[in-house]
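Source file: start_27.txt (compact mmCIF, C-alpha atoms)
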```
# COMPACT_ATOMS: atom_id res chain seq x y z
CA MET J 1 0.00 0.00 0.00
CA ALA J 2 1.40 3.39 -0.93
CA THR J 3 2.34 5.71 1.88
CA LYS J 4 2.18 9.40 1.30
CA SER J 5 4.42 11.88 3.03
CA VAL J 6 2.38 14.22 5.13
CA ASP J 7 3.39 17.84 4.93
CA ARG J 8 2.21 19.75 7.98
CA GLY J 9 2.61 23.17 6.39
CA PRO J 10 5.65 25.44 6.23
CA GLY J 11 8.40 24.86 8.76
CA LYS J 12 7.01 21.48 9.83
CA GLU J 13 8.90 18.22 9.33
CA LYS J 14 7.58 15.80 6.76
CA MET J 15 6.13 12.67 8.31
CA LYS J 16 5.80 9.36 6.55
CA LEU J 17 3.61 6.54 7.86
CA LYS J 18 5.44 3.20 7.91
CA SER J 19 2.95 0.80 9.46
CA LEU J 20 -0.26 0.39 11.42
CA LEU J 21 -0.51 -2.06 14.33
CA LEU J 22 -3.43 -3.25 16.40
CA ARG J 23 -3.61 -2.84 20.15
CA TYR J 24 -6.39 -4.94 21.65
CA TYR J 25 -6.34 -3.78 25.28
CA PRO J 26 -7.41 -1.05 25.52
CA PRO J 27 -8.64 -0.81 21.90
CA GLY J 28 -6.40 1.33 19.73
CA ILE J 29 -4.22 1.59 16.64
CA MET J 30 -0.47 2.18 16.89
CA LEU J 31 1.15 4.24 14.14
CA GLU J 32 4.81 3.78 13.27
CA TYR J 33 6.03 6.76 11.26
CA GLU J 34 9.24 8.40 10.12
CA LYS J 35 10.00 12.00 10.97
CA SER J 36 13.27 13.51 9.72
CA GLY J 37 14.82 10.05 9.42
CA GLU J 38 13.78 8.88 12.90
CA LEU J 39 11.27 6.09 13.54
CA LYS J 40 8.56 7.15 15.99
CA THR J 41 5.28 5.73 17.28
CA LYS J 42 2.03 7.23 18.43
CA SER J 43 -1.34 5.75 19.25
CA ILE J 44 -4.94 6.45 18.36
CA ASP J 45 -6.89 5.45 21.46
CA LEU J 46 -10.39 4.08 20.80
CA LEU J 47 -11.50 3.74 24.42
CA ASN J 48 -15.20 4.17 23.59
CA LEU J 49 -15.24 1.63 20.76
CA SER J 50 -18.09 -0.86 21.02
CA SER J 51 -19.33 -3.61 18.75
CA SER J 52 -22.10 -1.27 17.54
CA THR J 53 -19.84 1.73 16.67
CA ASP J 54 -20.34 3.05 13.11
CA VAL J 55 -16.96 2.21 11.54
CA ASN J 56 -17.24 4.57 8.54
CA ALA J 57 -18.04 7.55 10.75
CA LEU J 58 -15.20 6.66 13.09
CA VAL J 59 -12.68 6.39 10.23
CA GLU J 60 -13.76 9.82 8.98
CA GLU J 61 -13.28 11.24 12.47
CA ILE J 62 -9.81 9.68 12.72
CA GLN J 63 -8.80 11.11 9.33
CA LYS J 64 -9.82 14.61 10.41
CA ALA J 65 -7.83 14.36 13.62
CA GLU J 66 -4.75 12.49 12.37
CA PRO J 67 -2.96 13.75 9.22
CA LEU J 68 -0.92 10.52 8.97
CA ILE J 69 -4.11 8.62 8.13
CA THR J 70 -4.64 9.62 4.52
CA ALA J 71 -7.53 8.59 2.27
CA SER J 72 -5.44 5.75 0.79
CA ARG J 73 -5.25 4.21 4.26
CA SER J 74 -8.95 4.34 5.10
CA ASP J 75 -9.76 0.76 4.04
CA GLN J 76 -6.88 -0.60 6.08
CA VAL J 77 -8.01 1.38 9.14
CA LYS J 78 -11.58 0.13 8.63
CA LEU J 79 -10.36 -3.48 8.68
CA LEU J 80 -8.33 -2.87 11.83
CA ILE J 81 -11.32 -1.35 13.61
CA GLN J 82 -13.50 -4.29 12.54
CA ARG J 83 -10.91 -6.66 14.01
CA LEU J 84 -11.00 -4.70 17.27
CA GLN J 85 -14.79 -4.96 17.27
CA ASP J 86 -14.59 -8.74 16.69
CA LYS J 87 -12.27 -8.96 19.70
CA LEU J 88 -14.76 -6.99 21.83
CA ARG J 89 -17.52 -9.43 20.85
CA GLN J 90 -15.50 -12.43 22.08
CA HIS J 91 -16.21 -11.83 25.73
CA SER J 92 -13.91 -14.27 27.38
CA ASN J 93 -15.72 -16.86 29.46
CA HIS J 94 -12.61 -18.94 29.95
CA LYS J 95 -12.85 -21.56 32.69
CA PHE J 96 -9.57 -21.83 34.58
CA TYR J 97 -8.02 -25.10 35.72
CA LEU J 98 -5.03 -25.68 37.95
CA PHE J 99 -2.08 -26.26 35.65
CA LYS J 100 0.94 -26.33 37.98
CA VAL J 101 1.85 -25.93 41.64
CA LEU J 102 5.36 -24.56 42.16
CA ARG J 103 7.12 -24.75 45.49
CA ALA J 104 9.08 -21.71 44.55
CA HIS J 105 11.26 -20.87 47.56
CA ILE J 106 12.15 -22.39 50.94
CA LEU J 107 11.43 -19.11 52.76
CA PRO J 108 8.22 -17.06 52.29
CA LEU J 109 7.34 -15.44 48.98
CA THR J 110 6.94 -11.65 48.83
CA ASN J 111 5.55 -10.98 45.33
CA VAL J 112 4.89 -12.54 41.95
CA ALA J 113 4.78 -10.80 38.54
CA LEU J 114 4.10 -11.92 34.95
CA ASN J 115 5.66 -10.69 31.74
CA LYS J 116 3.22 -9.30 29.17
CA SER J 117 2.67 -12.50 27.17
CA GLY J 118 2.51 -14.64 30.31
CA SER J 119 5.34 -16.87 29.02
CA CYS J 120 7.47 -16.13 32.12
CA PHE J 121 6.88 -14.99 35.66
CA ILE J 122 9.06 -14.01 38.60
CA THR J 123 8.88 -14.62 42.34
CA GLY J 124 10.56 -12.63 45.10
CA SER J 125 11.36 -14.14 48.48
CA TYR J 126 12.69 -13.76 51.99
CA ASP J 127 15.49 -16.11 50.84
CA ARG J 128 17.13 -13.01 49.22
CA THR J 129 16.58 -14.21 45.65
CA CYS J 130 14.23 -13.64 42.76
CA LYS J 131 13.47 -16.63 40.53
CA VAL J 132 12.42 -16.59 36.88
CA TRP J 133 10.00 -19.32 35.78
CA ASP J 134 8.73 -20.67 32.48
CA THR J 135 4.94 -20.62 32.70
CA ALA J 136 4.28 -23.40 30.19
CA SER J 137 6.60 -25.98 31.78
CA GLY J 138 6.82 -24.68 35.35
CA GLU J 139 10.62 -24.94 35.02
CA GLU J 140 12.91 -22.58 36.88
CA LEU J 141 14.90 -20.60 34.29
CA HIS J 142 17.14 -18.46 36.54
CA THR J 143 17.81 -17.63 40.15
CA LEU J 144 18.79 -13.97 40.52
CA GLU J 145 21.25 -13.93 43.40
CA GLY J 146 23.13 -11.01 44.94
CA HIS J 147 20.80 -9.18 47.33
CA ARG J 148 21.76 -9.30 51.00
CA ASN J 149 18.25 -9.18 52.39
CA VAL J 150 14.61 -9.86 51.51
CA VAL J 151 13.73 -9.32 47.81
CA TYR J 152 10.42 -7.50 48.18
CA ALA J 153 9.46 -5.51 45.07
CA ILE J 154 9.82 -7.10 41.62
CA ALA J 155 8.81 -6.12 38.07
CA PHE J 156 9.32 -6.86 34.39
CA ASN J 157 9.84 -3.93 32.01
CA ASN J 158 6.60 -4.72 30.18
CA PRO J 159 5.69 -4.60 27.34
CA TYR J 160 9.27 -5.60 26.40
CA GLY J 161 9.87 -8.18 29.13
CA ASP J 162 13.63 -8.43 28.58
CA LYS J 163 14.60 -6.84 31.90
CA ILE J 164 13.70 -7.41 35.55
CA ALA J 165 14.06 -5.02 38.48
CA THR J 166 14.29 -6.23 42.09
CA GLY J 167 13.99 -3.99 45.14
CA SER J 168 15.28 -5.25 48.45
CA PHE J 169 15.33 -4.64 52.19
CA ASP J 170 19.12 -4.32 51.67
CA LYS J 171 18.28 -0.75 50.40
CA THR J 172 19.36 -1.48 46.82
CA CYS J 173 17.60 -2.15 43.55
CA LYS J 174 19.14 -4.43 40.93
CA LEU J 175 18.51 -4.58 37.19
CA TRP J 176 18.77 -7.99 35.48
CA SER J 177 18.53 -9.57 32.05
CA ALA J 178 15.39 -11.70 31.90
CA GLU J 179 17.03 -13.85 29.22
CA THR J 180 20.38 -14.63 30.86
CA GLY J 181 19.86 -13.74 34.53
CA LYS J 182 22.90 -11.45 34.39
CA CYS J 183 22.92 -8.40 36.72
CA TYR J 184 23.38 -5.18 34.73
CA HIS J 185 23.37 -2.61 37.55
CA THR J 186 22.98 -2.23 41.30
CA PHE J 187 21.28 1.05 42.18
CA ARG J 188 22.57 2.34 45.53
CA GLY J 189 21.40 5.45 47.38
CA HIS J 190 18.32 4.70 49.47
CA THR J 191 18.91 4.70 53.23
CA ALA J 192 16.14 2.23 54.09
CA GLU J 193 14.22 -0.73 52.62
CA ILE J 194 12.89 -0.50 49.04
CA VAL J 195 9.23 -1.57 49.08
CA CYS J 196 7.88 -0.61 45.63
CA LEU J 197 9.24 -0.08 42.15
CA SER J 198 8.15 0.45 38.58
CA PHE J 199 9.60 0.78 35.08
CA ASN J 200 8.44 3.67 32.93
CA PRO J 201 6.53 2.53 29.78
CA GLN J 202 9.50 3.40 27.54
CA SER J 203 11.77 1.17 29.67
CA THR J 204 14.41 3.88 30.08
CA LEU J 205 13.89 4.48 33.82
CA VAL J 206 13.22 2.52 37.00
CA ALA J 207 11.53 4.29 39.90
CA THR J 208 11.97 2.96 43.45
CA GLY J 209 10.01 3.87 46.59
CA SER J 210 11.48 3.41 50.04
CA MET J 211 10.89 3.41 53.78
CA ASP J 212 13.33 6.37 53.81
CA THR J 213 10.36 8.57 52.59
CA THR J 214 11.91 9.20 49.16
CA ALA J 215 11.49 7.83 45.66
CA LYS J 216 14.39 7.72 43.24
CA LEU J 217 14.59 7.52 39.45
CA TRP J 218 17.41 5.53 37.89
CA ASP J 219 18.74 5.46 34.33
CA ILE J 220 18.58 1.91 32.94
CA GLN J 221 21.38 2.48 30.40
CA ASN J 222 24.13 3.90 32.62
CA GLY J 223 22.91 2.80 36.07
CA GLU J 224 23.03 6.37 37.43
CA GLU J 225 20.54 8.06 39.75
CA VAL J 226 18.57 10.66 37.78
CA PHE J 227 16.45 12.34 40.51
CA THR J 228 15.40 11.93 44.12
CA LEU J 229 11.75 12.79 44.79
CA THR J 230 11.62 14.29 48.27
CA GLY J 231 8.57 15.68 50.06
CA HIS J 232 6.80 12.80 51.77
CA SER J 233 7.12 12.56 55.56
CA ALA J 234 6.63 8.77 55.85
CA GLU J 235 7.43 5.67 53.80
CA ILE J 236 6.37 5.47 50.15
CA ILE J 237 4.46 2.24 49.59
CA SER J 238 2.92 2.74 46.16
CA LEU J 239 4.46 4.10 43.00
CA SER J 240 3.51 4.07 39.32
CA PHE J 241 3.96 5.91 36.03
CA ASN J 242 1.13 7.14 33.84
CA THR J 243 0.65 5.65 30.36
CA SER J 244 2.78 8.22 28.55
CA GLY J 245 5.55 8.03 31.17
CA ASN J 246 5.77 11.77 31.83
CA ARG J 247 4.26 11.63 35.33
CA ILE J 248 4.93 9.51 38.43
CA ILE J 249 2.54 9.05 41.31
CA THR J 250 3.66 8.13 44.84
CA GLY J 251 1.42 7.08 47.73
CA SER J 252 2.67 7.33 51.29
CA PHE J 253 1.91 6.40 54.87
CA ASP J 254 1.83 10.19 55.49
CA HIS J 255 -1.79 10.02 54.14
CA THR J 256 -0.89 11.96 50.96
CA VAL J 257 -0.25 11.18 47.30
CA ALA J 258 2.19 13.20 45.21
CA VAL J 259 2.39 13.61 41.43
CA TRP J 260 5.80 14.35 39.91
CA GLU J 261 7.20 15.25 36.49
CA ALA J 262 9.34 12.35 35.32
CA ASP J 263 11.72 14.43 33.23
CA THR J 264 12.50 17.09 35.87
CA GLY J 265 11.69 15.42 39.21
CA ARG J 266 9.53 18.44 40.06
CA LYS J 267 6.47 17.88 42.26
CA VAL J 268 3.37 18.89 40.27
CA TYR J 269 0.93 18.65 43.16
CA THR J 270 0.08 16.84 46.38
CA LEU J 271 -3.32 15.17 46.73
CA ILE J 272 -4.51 15.87 50.27
CA GLY J 273 -7.79 14.44 51.53
CA HIS J 274 -7.32 10.95 52.92
CA CYS J 275 -7.13 10.67 56.70
CA ALA J 276 -5.08 7.45 56.94
CA GLU J 277 -2.28 5.60 55.14
CA ILE J 278 -2.49 5.23 51.35
CA SER J 279 -2.65 1.67 50.00
CA SER J 280 -2.76 2.33 46.23
CA ALA J 281 -2.43 5.22 43.79
CA LEU J 282 -2.68 5.05 40.00
CA PHE J 283 -3.67 6.86 36.79
CA ASN J 284 -6.32 5.67 34.37
CA TRP J 285 -5.27 4.86 30.81
CA ASP J 286 -5.84 8.30 29.26
CA CYS J 287 -4.20 9.99 32.28
CA SER J 288 -7.28 12.13 33.02
CA LEU J 289 -8.06 10.61 36.43
CA ILE J 290 -6.15 9.42 39.48
CA LEU J 291 -7.51 6.79 41.85
CA THR J 292 -6.25 6.52 45.43
CA GLY J 293 -7.19 3.92 48.05
CA SER J 294 -6.65 4.33 51.76
CA MET J 295 -6.81 2.68 55.16
CA ASP J 296 -9.52 5.31 55.90
CA LYS J 297 -12.02 2.92 54.16
CA THR J 298 -12.45 5.18 51.10
CA CYS J 299 -11.13 5.59 47.60
CA MET J 300 -10.83 9.06 46.13
CA LEU J 301 -10.96 10.07 42.48
CA TRP J 302 -8.94 13.12 41.41
CA ASP J 303 -8.78 15.24 38.27
CA ALA J 304 -5.25 14.59 36.99
CA THR J 305 -5.03 17.98 35.29
CA ASN J 306 -5.44 20.09 38.44
CA GLY J 307 -5.12 17.69 41.39
CA LYS J 308 -8.64 18.42 42.66
CA CYS J 309 -10.74 15.67 44.26
CA VAL J 310 -13.81 14.93 42.11
CA ALA J 311 -15.35 12.09 44.16
CA THR J 312 -15.01 10.01 47.30
CA LEU J 313 -16.06 6.38 46.85
CA THR J 314 -17.55 5.11 50.09
CA GLY J 315 -19.37 2.01 51.30
CA HIS J 316 -16.63 -0.26 52.64
CA ASP J 317 -16.62 -1.03 56.38
CA ASP J 318 -12.85 -1.49 56.66
CA GLU J 319 -9.54 -0.49 55.07
CA ILE J 320 -9.17 -0.41 51.27
CA LEU J 321 -6.28 -2.74 50.49
CA ASP J 322 -6.25 -2.48 46.70
CA SER J 323 -7.98 -0.59 43.89
CA CYS J 324 -7.72 -0.44 40.11
CA PHE J 325 -9.19 0.82 36.84
CA ASP J 326 -10.10 -1.43 33.93
CA TYR J 327 -7.98 -0.88 30.78
CA THR J 328 -10.35 1.69 29.29
CA GLY J 329 -10.72 3.65 32.54
CA LYS J 330 -14.52 3.32 32.57
CA LEU J 331 -14.71 1.07 35.64
CA ILE J 332 -13.10 1.19 39.07
CA ALA J 333 -12.77 -1.76 41.44
CA THR J 334 -12.00 -1.60 45.16
CA ALA J 335 -10.96 -4.43 47.51
CA SER J 336 -11.28 -4.19 51.25
CA ALA J 337 -10.34 -5.79 54.56
CA ASP J 338 -14.13 -6.09 55.10
CA GLY J 339 -14.05 -9.14 52.75
CA THR J 340 -15.98 -7.47 49.92
CA ALA J 341 -15.07 -5.76 46.67
CA ARG J 342 -17.04 -3.12 44.79
CA VAL J 343 -17.25 -1.91 41.21
CA PHE J 344 -17.90 1.78 40.48
CA SER J 345 -18.55 3.69 37.27
CA ALA J 346 -15.77 6.24 36.70
CA ALA J 347 -18.26 8.53 34.93
CA THR J 348 -21.11 8.55 37.47
CA ARG J 349 -18.94 7.55 40.49
CA LYS J 350 -21.82 5.31 41.58
CA CYS J 351 -21.41 1.75 42.83
CA ILE J 352 -22.49 -0.68 40.09
CA THR J 353 -22.14 -3.92 42.02
CA LYS J 354 -20.78 -5.55 45.18
CA LEU J 355 -18.69 -8.73 45.14
CA GLU J 356 -19.62 -10.78 48.19
CA GLY J 357 -18.49 -14.30 49.08
CA HIS J 358 -14.92 -14.19 50.39
CA GLU J 359 -14.54 -15.15 54.05
CA GLY J 360 -11.47 -13.03 54.71
CA GLU J 361 -9.92 -9.73 53.67
CA ILE J 362 -9.29 -9.14 49.96
CA SER J 363 -5.77 -7.87 49.39
CA LYS J 364 -5.64 -7.90 45.58
CA ILE J 365 -8.04 -7.03 42.78
CA SER J 366 -7.64 -6.68 39.01
CA PHE J 367 -9.74 -6.67 35.84
CA ASN J 368 -9.07 -9.09 33.02
CA PRO J 369 -7.89 -7.21 29.90
CA GLN J 370 -11.35 -7.53 28.32
CA GLY J 371 -12.82 -5.74 31.35
CA ASN J 372 -15.74 -8.14 31.83
CA HIS J 373 -14.25 -10.15 34.72
CA LEU J 374 -12.51 -9.38 38.00
CA LEU J 375 -9.94 -11.43 39.88
CA THR J 376 -9.63 -11.19 43.68
CA GLY J 377 -7.17 -12.79 46.07
CA SER J 378 -8.04 -13.25 49.72
CA ALA J 379 -6.86 -14.26 53.18
CA ASP J 380 -9.52 -17.02 53.00
CA LYS J 381 -6.98 -18.98 50.84
CA THR J 382 -9.02 -18.61 47.63
CA ALA J 383 -8.92 -16.47 44.53
CA ARG J 384 -12.21 -15.76 42.81
CA ILE J 385 -13.34 -14.68 39.36
CA TRP J 386 -16.39 -12.41 39.16
CA ASP J 387 -18.65 -10.91 36.54
CA ALA J 388 -17.75 -7.20 36.65
CA GLN J 389 -21.29 -6.04 35.76
CA THR J 390 -23.49 -8.35 37.87
CA GLY J 391 -21.09 -9.14 40.72
CA GLN J 392 -21.81 -12.86 40.33
CA CYS J 393 -18.98 -15.19 41.39
CA LEU J 394 -18.08 -17.24 38.30
CA GLN J 395 -15.30 -19.41 39.69
CA ILE J 396 -13.43 -20.13 42.93
CA LEU J 397 -9.75 -21.05 42.57
CA GLU J 398 -9.15 -23.36 45.52
CA GLY J 399 -6.13 -25.30 46.72
CA HIS J 400 -3.80 -22.89 48.48
CA THR J 401 -3.40 -23.73 52.17
CA ASP J 402 -2.71 -20.18 53.39
CA GLU J 403 -3.68 -16.64 52.44
CA ILE J 404 -3.22 -15.41 48.87
CA PHE J 405 -1.34 -12.11 48.66
CA SER J 406 -0.81 -11.90 44.92
CA CYS J 407 -2.86 -12.77 41.83
CA ALA J 408 -2.71 -11.54 38.26
CA PHE J 409 -3.89 -12.12 34.70
CA ASN J 410 -1.54 -12.12 31.72
CA TYR J 411 -2.20 -9.66 28.88
CA LYS J 412 -4.54 -12.00 26.98
CA GLY J 413 -6.48 -12.86 30.12
CA ASN J 414 -6.10 -16.63 29.65
CA ILE J 415 -3.50 -17.33 32.36
CA ILE J 416 -3.73 -16.53 36.08
CA ILE J 417 -0.92 -16.75 38.58
CA THR J 418 -1.55 -16.81 42.35
CA GLY J 419 1.02 -16.47 45.12
CA SER J 420 0.32 -17.55 48.69
CA LYS J 421 1.79 -17.56 52.17
CA ASP J 422 1.79 -21.36 51.82
CA ASN J 423 5.00 -20.74 49.80
CA THR J 424 3.59 -21.96 46.52
CA CYS J 425 2.63 -20.29 43.27
CA ARG J 426 -0.15 -21.78 41.26
CA ILE J 427 -0.58 -21.41 37.51
CA TRP J 428 -4.18 -21.58 36.29
CA ARG J 429 -5.09 -21.73 32.61
```
Give the structure from the file, written as structure tokens.
Amino acid sequence: MATKSVDRGPGKEKMKLKSLLLRYYPPGIMLEYEKSGELKTKSIDLLNLSSSTDVNALVEEIQKAEPLITASRSDQVKLLIQRLQDKLRQHSNHKFYLFKVLRAHILPLTNVALNKSGSCFITGSYDRTCKVWDTASGEELHTLEGHRNVVYAIAFNNPYGDKIATGSFDKTCKLWSAETGKCYHTFRGHTAEIVCLSFNPQSTLVATGSMDTTAKLWDIQNGEEVFTLTGHSAEIISLSFNTSGNRIITGSFDHTVAVWEADTGRKVYTLIGHCAEISSALFNWDCSLILTGSMDKTCMLWDATNGKCVATLTGHDDEILDSCFDYTGKLIATASADGTARVFSAATRKCITKLEGHEGEISKISFNPQGNHLLTGSADKTARIWDAQTGQCLQILEGHTDEIFSCAFNYKGNIIITGSKDNTCRIWR
């Protein structure tokens, strides 16, 4: 198919579209284009796409807004949107079965994390190591050794999945090759335990949050510290980047959440309103909203442009232990120590449904990528799958002999991994 150069008027660089790629979750089209000899990417987000959307009208709208999509590309874009609509129609009603039980470490597990495809996952432990596992075979691929204390926070640099970061009670963070298990860098500088960490979406930075009340940003290439984010007065226990990677959010035991510029380290604003420790803090996909959960039994929703609180989500009788958005940012889920979870509409801020059935606190909650199901992990030793609209329990994943502290879907939503205080990980598929 011919690609035309797009001239954006005098003084603007010429841009040439190279390829169009599908992104299923959340629905969108990725554009790869060349600008003054450099290959760049941008995305067209189609968060409101439904199976009944008028494709022709949508393509026209896209062409008006995006000069790279010329008339010669309209048929191709139509086909891509139809494929996204087909995907939306296949609402996954996958039944999960226990595939493998892994006795991962001798000492207790701290966290588990999947790479994007779900082909590998990692486990952190009190035994001072992180292990890399092959999901399909349950084989151990690597043991990442070198920390001198508990390995607590672990992450893949998704979507790439070729690097792993480990944060430890030894006050350091290490960067590893997921393929070879080789340690690239040890990031030193925190004066207390590292308890949370995150890669930026571009995989150029790692951010670490510590009991020393600071967060630090580290350069993946040269292993140097880029910035220290100072301003909290108690430990930072939650930290994440927004989708574009230009903002970082930190949640602290000082009852506040701070938003920072990733490229300058400057604090943009502090979200003040909770009256107890923060348990989670994150952006929605389009970076318009921030969701914070707290031990004060509420979640708060904030306008990400000005830092103002737009809603307080109430109804739980005990601490909020986890909260999340679905991929499109239309739904919010909250998990509480009261043993229930709730689903709220991000638009109306009203509770849509309550998830009742667990017999212990719920410490983890997440949507499947399709957004129609929720996964919860509980102190009652079970994980459960729920219908996100009706609140009906669809499946109980039983077998762990102690509380579940970690559970996650892979990107396709067809693999689940659970981690428990019984020292095992279970793979369900």
Within-6 Å shell of (2.9, 7.7, 17.2) in input frame, only C-alpha atoms, as a PyMOL selection string
chain J and resi 31-32+40-43
Generate the output file for the selected residues, C-alpha atoms, as a PDB file, in the coordinates of the input.
```
ATOM      1  CA  LEU J  31       1.150   4.240  14.140  1.00  0.00           C
ATOM      2  CA  GLU J  32       4.810   3.780  13.270  1.00  0.00           C
ATOM      3  CA  LYS J  40       8.560   7.150  15.990  1.00  0.00           C
ATOM      4  CA  THR J  41       5.280   5.730  17.280  1.00  0.00           C
ATOM      5  CA  LYS J  42       2.030   7.230  18.430  1.00  0.00           C
ATOM      6  CA  SER J  43      -1.340   5.750  19.250  1.00  0.00           C
TER       7      SER J  43
END
```
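Proximity to Thr243 of chain J was assessed for J:Thr70, J:Gln392, J:Ser366, J:Thr328 counting only C-alpha atoms; the smallest distance is recorded for J:Thr328.
For the pair atom CA of Gln82 of chain J and atom CA of Lys95 of chain J, the separation is 26.5 Å.
Interatomic distance, atom CA of Val195 of chain J against atom CA of Asp286 of chain J: 26.8 Å.
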Within-10 Å shell of (-13.8, -14.8, 50.9) in input frame, only C-alpha atoms, as a list of chain:residue names
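Checking each residue against the 10 Å limit leaves J:Asp338, J:Gly339, J:Thr340, J:Leu355, J:Glu356, J:Gly357, J:His358, J:Glu359, J:Gly360, J:Glu361, J:Ile362, J:Thr376, J:Gly377, J:Ser378, J:Ala379, J:Asp380, J:Lys381, J:Thr382, J:Ala383, J:Arg384, J:Ile396.
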Deliver the residues from the most recent selection as a file, using C-alpha atoms, as an mmCIF file, in the frame of the given file.
```
data_model
loop_
_atom_site.group_PDB
_atom_site.id
_atom_site.type_symbol
_atom_site.label_atom_id
_atom_site.label_comp_id
_atom_site.auth_asym_id
_atom_site.auth_seq_id
_atom_site.Cartn_x
_atom_site.Cartn_y
_atom_site.Cartn_z
ATOM 1 C CA ASP J 338 -14.130 -6.090 55.100
ATOM 2 C CA GLY J 339 -14.050 -9.140 52.750
ATOM 3 C CA THR J 340 -15.980 -7.470 49.920
ATOM 4 C CA LEU J 355 -18.690 -8.730 45.140
ATOM 5 C CA GLU J 356 -19.620 -10.780 48.190
ATOM 6 C CA GLY J 357 -18.490 -14.300 49.080
ATOM 7 C CA HIS J 358 -14.920 -14.190 50.390
ATOM 8 C CA GLU J 359 -14.540 -15.150 54.050
ATOM 9 C CA GLY J 360 -11.470 -13.030 54.710
ATOM 10 C CA GLU J 361 -9.920 -9.730 53.670
ATOM 11 C CA ILE J 362 -9.290 -9.140 49.960
ATOM 12 C CA THR J 376 -9.630 -11.190 43.680
ATOM 13 C CA GLY J 377 -7.170 -12.790 46.070
ATOM 14 C CA SER J 378 -8.040 -13.250 49.720
ATOM 15 C CA ALA J 379 -6.860 -14.260 53.180
ATOM 16 C CA ASP J 380 -9.520 -17.020 53.000
ATOM 17 C CA LYS J 381 -6.980 -18.980 50.840
ATOM 18 C CA THR J 382 -9.020 -18.610 47.630
ATOM 19 C CA ALA J 383 -8.920 -16.470 44.530
ATOM 20 C CA ARG J 384 -12.210 -15.760 42.810
ATOM 21 C CA ILE J 396 -13.430 -20.130 42.930
#
```
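Proximity of J:Val55, J:Leu109, J:Met15, J:Ile249 to Leu229 of chain J, computed with all atoms listed in the file, is greatest for J:Ile249.
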